Amino acid sequence: MEVSPFPFPYLQDDECSHLLGLFQDMDSAPSGFEFEGFGNDTNSKKRSRKEEKEEDVNGSNKVASGDILATFLLMDDEETKQQQEHQCDSESNRVKSLLEANHKERVRTMDGYSNQLQETDVSRPKRQRTDIASGSGSGPSHRRLWVKERTTDWWDRVSRPDFPEEDFRREFRMSRSTFNLICEELDATVTKKNTMLRDAIPAPKRVAVCVWRLATGAPLRHVSERFGLGISTCHKLVIEVCRAIYDVMMPKYLSWPASDSSEMQSTKEKFESNHKIPNVVGSIYTTHIPIIAPKVHVAAYFNKRHTERSKKTSYSITLQGVVNADGIFTDVCIGNPGSLTDDQILDKSSLSQQRAARGMLRDGWIVGNGGFPLTDWLLVPYARRNLTWTQHGFNESVGGVQKVATEAFGRLKGRWACLQKRTEVKLQDLPYVLGACCVLHNVCEMRKEEMAEGLKFEVFDDVTVPENNIRSAAASSARDQFSHNLLHRGLAGTRTL
């Protein structure tokens with residue numbers, strides 16, 4: 001270790017020479033100095049006292065000189081630090097001013113570019129601007145900001161009026177007139193405004209993305225390639241349009257008819273004419289929609305019966321619906337976990353908790369399969385093994401009513417292939433997708449849209465007979481009376497006899 005020869009290493013020798021000389025003069029005392037006219041003893045005493053006082057003064061002067069020197073050194077050190085800090089502040093201010101100037105220059109450049117694009121678009125005719133924004137224009141087009149260029153050839157061909165009707169029906173599972181009706185219903189809800197950077201996606205294209213995705217069940221990657229949009233944009237459009245269908249069109253196209261309405265009376269007449277059971281207002285059925293294993297409450301969505309049958313772990317949510325004699329949905333209950341049985345789902349539905357509780361189903365019967373209980377408003381077949389001829393005949397008629405519901409669900413899944421396999425839709429958004437499929441099914445059924453033979457789908461769902469399958473003695477007596485009338489009035493079939 002090196003020791004500095006001077007106790008204050010920040011000062012040079014020449015800078016402290018005048019201070020050292022001053023302190024040396026103060027330390028040196030004149031030898032032989034005496035006062036005249038006094039005795040030797042007295043003088044010696046006085047000299048000794050005076051020397052003591054001078055020594056005290058010299059000591060105090062030395063201490064004071066040390067404090068003064070330390071103060072000078074501290075002041076010099078603080079001044080040096082202040083100079084360094086001032087230099088650092090000046091450098092940081094200079095760098096900050098450079099960054100701000102660079103940022104302002106970039107903002108000015110971007111604003112100029114955006115204004116140039118806007119002026120160029122305004123100067124073009126409206127038709128030309130539309131063609132360039134959609135990528136179909138023949139002239140040179142300016143590239144929009146942060147928009148990837150994708151081809152829209154397929155959608156441009158499909159959206160033209162001269163596109164063949166059969167090809168359009170094969171792609172969207174409906175005619176062009178029905179598609180235009182849906183676009184008119186949703187136009188005010190799904191239409192977005194154009195921005196300075198790019199034009200909004202037109203409402204017909206938004207609806208087409210959703211309908212094509214539901215109809216084909218194709219992955220989002222294929223939807224993106226067909227319509228020339230990003231994958232995330234396609235997913236967002238599907239959810240937005242499904243929500244719009246659920247909120248706007250469901251109250252109009254999927255609702256329970258009033259008890260005294262002509263629609264309710266027509267439904268009763270059709271069911272009685274075809275299946276010989278009076279006062280039937282609907283047929284109920286429950287189907288399962290496969291899903292990806294959820295992150296929460298996994299056991300609740302585990303479909304044990306389907307897993308045992310297919311030897312693959314299966315998760316599902318349920319769709320329980322009531323249809324009229326034409327296969328049109330009048331009530332749906334969507335989103336219950338796949339581990340629940342038909343009767344448990346029925347107890348949770350609005351059909352049981354609201355309509356039945358308020359007496360709205362008192363004047364009619366809803367017909368279900370053996371998975372539902374017999375109640376004052378729900379008619380089910382006999383579940384025991386050794387049946388009489390009258391009971392066989394009744395079960396045959398109930399099976400005919402139940403077939404109306406199973407065929408309606410088959411057309412639902414056949415027309416909208418997204419319901420046949422697991423989808424990437426989140427669990428909280430899936431009820432909107434299923435509700436939209438039911439509404440679109442009703443629109444197609446009301447407009448008599450035909451389905452191709454290759455699209456028909458056969459539904460099969462396991463039926464679990466509830467433990468308490470007879471909940472009303474009056475309903476049991478009414479079922480026996482129906483069975484007796486079917487046989488003795490010659491209305492029952494003979495296939496089960």
# chains A, B, ... in the order shown; residues from 1 in each chain; ligands from 1
call {"tool": "select_by_dssp", "arguments": {"residues": "region 232-271 of chain A", "states": "helix (DSSP H, G or I)", "output": "PyMOL selection string"}}
result
chain A and resi 232-253+262-271
call {"tool": "residues_around", "arguments": {"residues": "Lys348 (chain A)", "least_positions_apart": "2", "cutoff": "12 Å", "atoms": "only C-alpha atoms", "output": "ChimeraX atom specification"}}
result
/A:320,332-337,340-346,350-354
call {"tool": "select_by_dssp", "arguments": {"residues": "region 291-371 of chain A", "states": "strand (DSSP E or B)", "output": "PyMOL selection string"}}
result
chain A and resi 291+302+315-323+329-337+365-367
call {"tool": "write_last_selection", "arguments": {"atoms": "N, CA, C and O atoms", "output": "PDB file, in the first residue's frame"}}
result
ATOM      1  N   ILE A 291     -66.228 -30.530 -27.191  1.00  0.00           N
ATOM      2  CA  ILE A 291     -65.385 -29.369 -26.928  1.00  0.00           C
ATOM      3  C   ILE A 291     -64.001 -29.844 -26.513  1.00  0.00           C
ATOM      4  O   ILE A 291     -63.795 -31.019 -26.183  1.00  0.00           O
ATOM      5  N   PHE A 302     -66.912 -33.724 -18.470  1.00  0.00           N
ATOM      6  CA  PHE A 302     -66.505 -35.045 -18.936  1.00  0.00           C
ATOM      7  C   PHE A 302     -67.736 -35.860 -19.307  1.00  0.00           C
ATOM      8  O   PHE A 302     -68.649 -36.050 -18.500  1.00  0.00           O
ATOM      9  N   TYR A 315     -65.185 -34.604 -23.922  1.00  0.00           N
ATOM     10  CA  TYR A 315     -65.763 -33.509 -23.142  1.00  0.00           C
ATOM     11  C   TYR A 315     -66.809 -32.821 -24.025  1.00  0.00           C
ATOM     12  O   TYR A 315     -66.633 -32.705 -25.244  1.00  0.00           O
ATOM     13  N   SER A 316     -67.870 -32.350 -23.398  1.00  0.00           N
ATOM     14  CA  SER A 316     -68.955 -31.777 -24.202  1.00  0.00           C
ATOM     15  C   SER A 316     -69.775 -30.806 -23.375  1.00  0.00           C
ATOM     16  O   SER A 316     -69.721 -30.789 -22.140  1.00  0.00           O
ATOM     17  N   ILE A 317     -70.515 -29.964 -24.104  1.00  0.00           N
ATOM     18  CA  ILE A 317     -71.595 -29.180 -23.510  1.00  0.00           C
ATOM     19  C   ILE A 317     -72.887 -29.602 -24.196  1.00  0.00           C
ATOM     20  O   ILE A 317     -72.859 -30.210 -25.273  1.00  0.00           O
ATOM     21  N   THR A 318     -74.005 -29.284 -23.600  1.00  0.00           N
ATOM     22  CA  THR A 318     -75.287 -29.793 -24.093  1.00  0.00           C
ATOM     23  C   THR A 318     -76.091 -28.688 -24.772  1.00  0.00           C
ATOM     24  O   THR A 318     -75.957 -27.502 -24.454  1.00  0.00           O
ATOM     25  N   LEU A 319     -76.915 -29.122 -25.703  1.00  0.00           N
ATOM     26  CA  LEU A 319     -77.884 -28.263 -26.378  1.00  0.00           C
ATOM     27  C   LEU A 319     -79.227 -28.963 -26.312  1.00  0.00           C
ATOM     28  O   LEU A 319     -79.444 -29.983 -26.966  1.00  0.00           O
ATOM     29  N   GLN A 320     -80.122 -28.443 -25.496  1.00  0.00           N
ATOM     30  CA  GLN A 320     -81.460 -29.008 -25.337  1.00  0.00           C
ATOM     31  C   GLN A 320     -82.462 -28.060 -25.976  1.00  0.00           C
ATOM     32  O   GLN A 320     -82.469 -26.857 -25.677  1.00  0.00           O
ATOM     33  N   GLY A 321     -83.287 -28.607 -26.880  1.00  0.00           N
ATOM     34  CA  GLY A 321     -84.211 -27.751 -27.602  1.00  0.00           C
ATOM     35  C   GLY A 321     -85.558 -28.384 -27.824  1.00  0.00           C
ATOM     36  O   GLY A 321     -85.702 -29.615 -27.853  1.00  0.00           O
ATOM     37  N   VAL A 322     -86.554 -27.531 -28.000  1.00  0.00           N
ATOM     38  CA  VAL A 322     -87.917 -27.939 -28.321  1.00  0.00           C
ATOM     39  C   VAL A 322     -88.226 -27.449 -29.731  1.00  0.00           C
ATOM     40  O   VAL A 322     -87.958 -26.281 -30.059  1.00  0.00           O
ATOM     41  N   VAL A 323     -88.781 -28.329 -30.565  1.00  0.00           N
ATOM     42  CA  VAL A 323     -89.117 -27.966 -31.941  1.00  0.00           C
ATOM     43  C   VAL A 323     -90.611 -28.168 -32.149  1.00  0.00           C
ATOM     44  O   VAL A 323     -91.258 -28.966 -31.456  1.00  0.00           O
ATOM     45  N   PHE A 329     -87.037 -24.562 -34.080  1.00  0.00           N
ATOM     46  CA  PHE A 329     -86.810 -24.431 -32.641  1.00  0.00           C
ATOM     47  C   PHE A 329     -87.694 -23.330 -32.069  1.00  0.00           C
ATOM     48  O   PHE A 329     -87.755 -22.214 -32.591  1.00  0.00           O
ATOM     49  N   THR A 330     -88.360 -23.679 -30.958  1.00  0.00           N
ATOM     50  CA  THR A 330     -89.144 -22.690 -30.215  1.00  0.00           C
ATOM     51  C   THR A 330     -88.567 -22.409 -28.836  1.00  0.00           C
ATOM     52  O   THR A 330     -88.965 -21.432 -28.197  1.00  0.00           O
ATOM     53  N   ASP A 331     -87.652 -23.246 -28.393  1.00  0.00           N
ATOM     54  CA  ASP A 331     -86.990 -23.031 -27.109  1.00  0.00           C
ATOM     55  C   ASP A 331     -85.674 -23.793 -27.115  1.00  0.00           C
ATOM     56  O   ASP A 331     -85.610 -24.934 -27.604  1.00  0.00           O
ATOM     57  N   VAL A 332     -84.610 -23.174 -26.571  1.00  0.00           N
ATOM     58  CA  VAL A 332     -83.302 -23.832 -26.476  1.00  0.00           C
ATOM     59  C   VAL A 332     -82.708 -23.553 -25.101  1.00  0.00           C
ATOM     60  O   VAL A 332     -82.943 -22.492 -24.506  1.00  0.00           O
ATOM     61  N   CYS A 333     -81.960 -24.510 -24.617  1.00  0.00           N
ATOM     62  CA  CYS A 333     -81.202 -24.384 -23.373  1.00  0.00           C
ATOM     63  C   CYS A 333     -79.768 -24.798 -23.698  1.00  0.00           C
ATOM     64  O   CYS A 333     -79.514 -25.971 -23.988  1.00  0.00           O
ATOM     65  N   ILE A 334     -78.838 -23.855 -23.642  1.00  0.00           N
ATOM     66  CA  ILE A 334     -77.493 -24.052 -24.167  1.00  0.00           C
ATOM     67  C   ILE A 334     -76.466 -23.897 -23.051  1.00  0.00           C
ATOM     68  O   ILE A 334     -76.596 -23.016 -22.200  1.00  0.00           O
ATOM     69  N   GLY A 335     -75.443 -24.757 -23.095  1.00  0.00           N
ATOM     70  CA  GLY A 335     -74.253 -24.523 -22.298  1.00  0.00           C
ATOM     71  C   GLY A 335     -74.104 -25.314 -21.033  1.00  0.00           C
ATOM     72  O   GLY A 335     -73.114 -25.136 -20.308  1.00  0.00           O
ATOM     73  N   ASN A 336     -75.012 -26.228 -20.712  1.00  0.00           N
ATOM     74  CA  ASN A 336     -74.842 -27.034 -19.507  1.00  0.00           C
ATOM     75  C   ASN A 336     -73.739 -28.068 -19.713  1.00  0.00           C
ATOM     76  O   ASN A 336     -73.523 -28.561 -20.825  1.00  0.00           O
ATOM     77  N   PRO A 337     -73.024 -28.439 -18.653  1.00  0.00           N
ATOM     78  CA  PRO A 337     -71.917 -29.404 -18.798  1.00  0.00           C
ATOM     79  C   PRO A 337     -72.397 -30.759 -19.300  1.00  0.00           C
ATOM     80  O   PRO A 337     -73.534 -31.186 -19.063  1.00  0.00           O
ATOM     81  N   TRP A 365     -98.895 -30.567 -24.403  1.00  0.00           N
ATOM     82  CA  TRP A 365     -97.892 -31.560 -24.026  1.00  0.00           C
ATOM     83  C   TRP A 365     -96.623 -31.366 -24.865  1.00  0.00           C
ATOM     84  O   TRP A 365     -96.687 -31.100 -26.063  1.00  0.00           O
ATOM     85  N   ILE A 366     -95.510 -31.506 -24.185  1.00  0.00           N
ATOM     86  CA  ILE A 366     -94.222 -31.612 -24.868  1.00  0.00           C
ATOM     87  C   ILE A 366     -93.788 -33.066 -24.780  1.00  0.00           C
ATOM     88  O   ILE A 366     -93.814 -33.670 -23.699  1.00  0.00           O
ATOM     89  N   VAL A 367     -93.378 -33.654 -25.885  1.00  0.00           N
ATOM     90  CA  VAL A 367     -93.051 -35.072 -25.942  1.00  0.00           C
ATOM     91  C   VAL A 367     -91.538 -35.238 -25.933  1.00  0.00           C
ATOM     92  O   VAL A 367     -90.814 -34.593 -26.709  1.00  0.00           O
TER      93      VAL A 367
END
call {"tool": "atom_distance", "arguments": {"atom1": "CA of Pro290 (chain A)", "atom2": "CA of Ala208 (chain A)"}}
result
24.3 Å
call {"tool": "decode", "arguments": {"residues": "region 181-198 of chain A", "atoms": "N, CA, C and O atoms", "output": "PDB file, in the first residue's frame"}}
result
ATOM      1  N   LEU A 181     -81.033 -11.609 -46.789  1.00  0.00           N
ATOM      2  CA  LEU A 181     -81.942 -11.308 -45.685  1.00  0.00           C
ATOM      3  C   LEU A 181     -81.193 -11.196 -44.369  1.00  0.00           C
ATOM      4  O   LEU A 181     -81.428 -10.274 -43.571  1.00  0.00           O
ATOM      5  N   ILE A 182     -80.279 -12.115 -44.123  1.00  0.00           N
ATOM      6  CA  ILE A 182     -79.495 -12.081 -42.887  1.00  0.00           C
ATOM      7  C   ILE A 182     -78.625 -10.824 -42.850  1.00  0.00           C
ATOM      8  O   ILE A 182     -78.485 -10.181 -41.794  1.00  0.00           O
ATOM      9  N   CYS A 183     -78.036 -10.455 -43.982  1.00  0.00           N
ATOM     10  CA  CYS A 183     -77.214  -9.242 -44.027  1.00  0.00           C
ATOM     11  C   CYS A 183     -78.050  -8.003 -43.717  1.00  0.00           C
ATOM     12  O   CYS A 183     -77.589  -7.084 -43.021  1.00  0.00           O
ATOM     13  N   GLU A 184     -79.278  -7.948 -44.215  1.00  0.00           N
ATOM     14  CA  GLU A 184     -80.147  -6.809 -43.922  1.00  0.00           C
ATOM     15  C   GLU A 184     -80.511  -6.750 -42.440  1.00  0.00           C
ATOM     16  O   GLU A 184     -80.575  -5.659 -41.852  1.00  0.00           O
ATOM     17  N   GLU A 185     -80.740  -7.901 -41.826  1.00  0.00           N
ATOM     18  CA  GLU A 185     -81.082  -7.924 -40.401  1.00  0.00           C
ATOM     19  C   GLU A 185     -79.917  -7.450 -39.524  1.00  0.00           C
ATOM     20  O   GLU A 185     -80.127  -6.815 -38.483  1.00  0.00           O
ATOM     21  N   LEU A 186     -78.691  -7.733 -39.943  1.00  0.00           N
ATOM     22  CA  LEU A 186     -77.512  -7.442 -39.118  1.00  0.00           C
ATOM     23  C   LEU A 186     -76.742  -6.213 -39.563  1.00  0.00           C
ATOM     24  O   LEU A 186     -75.723  -5.875 -38.937  1.00  0.00           O
ATOM     25  N   ASP A 187     -77.194  -5.562 -40.628  1.00  0.00           N
ATOM     26  CA  ASP A 187     -76.413  -4.464 -41.204  1.00  0.00           C
ATOM     27  C   ASP A 187     -76.131  -3.361 -40.185  1.00  0.00           C
ATOM     28  O   ASP A 187     -74.992  -2.899 -40.038  1.00  0.00           O
ATOM     29  N   ALA A 188     -77.130  -2.928 -39.460  1.00  0.00           N
ATOM     30  CA  ALA A 188     -76.944  -1.821 -38.511  1.00  0.00           C
ATOM     31  C   ALA A 188     -76.050  -2.212 -37.339  1.00  0.00           C
ATOM     32  O   ALA A 188     -75.416  -1.346 -36.714  1.00  0.00           O
ATOM     33  N   THR A 189     -75.964  -3.495 -37.028  1.00  0.00           N
ATOM     34  CA  THR A 189     -75.203  -3.936 -35.859  1.00  0.00           C
ATOM     35  C   THR A 189     -73.741  -4.210 -36.195  1.00  0.00           C
ATOM     36  O   THR A 189     -72.849  -3.875 -35.389  1.00  0.00           O
ATOM     37  N   VAL A 190     -73.466  -4.799 -37.335  1.00  0.00           N
ATOM     38  CA  VAL A 190     -72.095  -5.238 -37.640  1.00  0.00           C
ATOM     39  C   VAL A 190     -71.335  -4.252 -38.513  1.00  0.00           C
ATOM     40  O   VAL A 190     -70.120  -4.409 -38.694  1.00  0.00           O
ATOM     41  N   THR A 191     -71.987  -3.244 -39.069  1.00  0.00           N
ATOM     42  CA  THR A 191     -71.296  -2.289 -39.933  1.00  0.00           C
ATOM     43  C   THR A 191     -70.365  -1.407 -39.099  1.00  0.00           C
ATOM     44  O   THR A 191     -70.754  -0.887 -38.052  1.00  0.00           O
ATOM     45  N   LYS A 192     -69.149  -1.211 -39.591  1.00  0.00           N
ATOM     46  CA  LYS A 192     -68.155  -0.365 -38.945  1.00  0.00           C
ATOM     47  C   LYS A 192     -67.808   0.815 -39.851  1.00  0.00           C
ATOM     48  O   LYS A 192     -68.015   0.771 -41.066  1.00  0.00           O
ATOM     49  N   LYS A 193     -67.257   1.870 -39.258  1.00  0.00           N
ATOM     50  CA  LYS A 193     -66.895   3.067 -40.011  1.00  0.00           C
ATOM     51  C   LYS A 193     -65.478   2.937 -40.557  1.00  0.00           C
ATOM     52  O   LYS A 193     -64.619   2.296 -39.965  1.00  0.00           O
ATOM     53  N   ASN A 194     -65.257   3.603 -41.699  1.00  0.00           N
ATOM     54  CA  ASN A 194     -63.917   3.659 -42.274  1.00  0.00           C
ATOM     55  C   ASN A 194     -63.017   4.556 -41.432  1.00  0.00           C
ATOM     56  O   ASN A 194     -63.484   5.500 -40.786  1.00  0.00           O
ATOM     57  N   THR A 195     -61.728   4.256 -41.438  1.00  0.00           N
ATOM     58  CA  THR A 195     -60.733   5.066 -40.745  1.00  0.00           C
ATOM     59  C   THR A 195     -59.827   5.743 -41.755  1.00  0.00           C
ATOM     60  O   THR A 195     -59.913   5.507 -42.961  1.00  0.00           O
ATOM     61  N   MET A 196     -58.930   6.614 -41.269  1.00  0.00           N
ATOM     62  CA  MET A 196     -58.018   7.325 -42.142  1.00  0.00           C
ATOM     63  C   MET A 196     -57.007   6.382 -42.782  1.00  0.00           C
ATOM     64  O   MET A 196     -56.498   6.623 -43.874  1.00  0.00           O
ATOM     65  N   LEU A 197     -56.685   5.277 -42.083  1.00  0.00           N
ATOM     66  CA  LEU A 197     -55.646   4.378 -42.568  1.00  0.00           C
ATOM     67  C   LEU A 197     -56.186   3.296 -43.505  1.00  0.00           C
ATOM     68  O   LEU A 197     -55.481   2.853 -44.392  1.00  0.00           O
ATOM     69  N   ARG A 198     -57.415   2.861 -43.293  1.00  0.00           N
ATOM     70  CA  ARG A 198     -57.955   1.807 -44.155  1.00  0.00           C
ATOM     71  C   ARG A 198     -59.474   1.799 -44.059  1.00  0.00           C
ATOM     72  O   ARG A 198     -60.054   2.318 -43.096  1.00  0.00           O
TER      73      ARG A 198
END
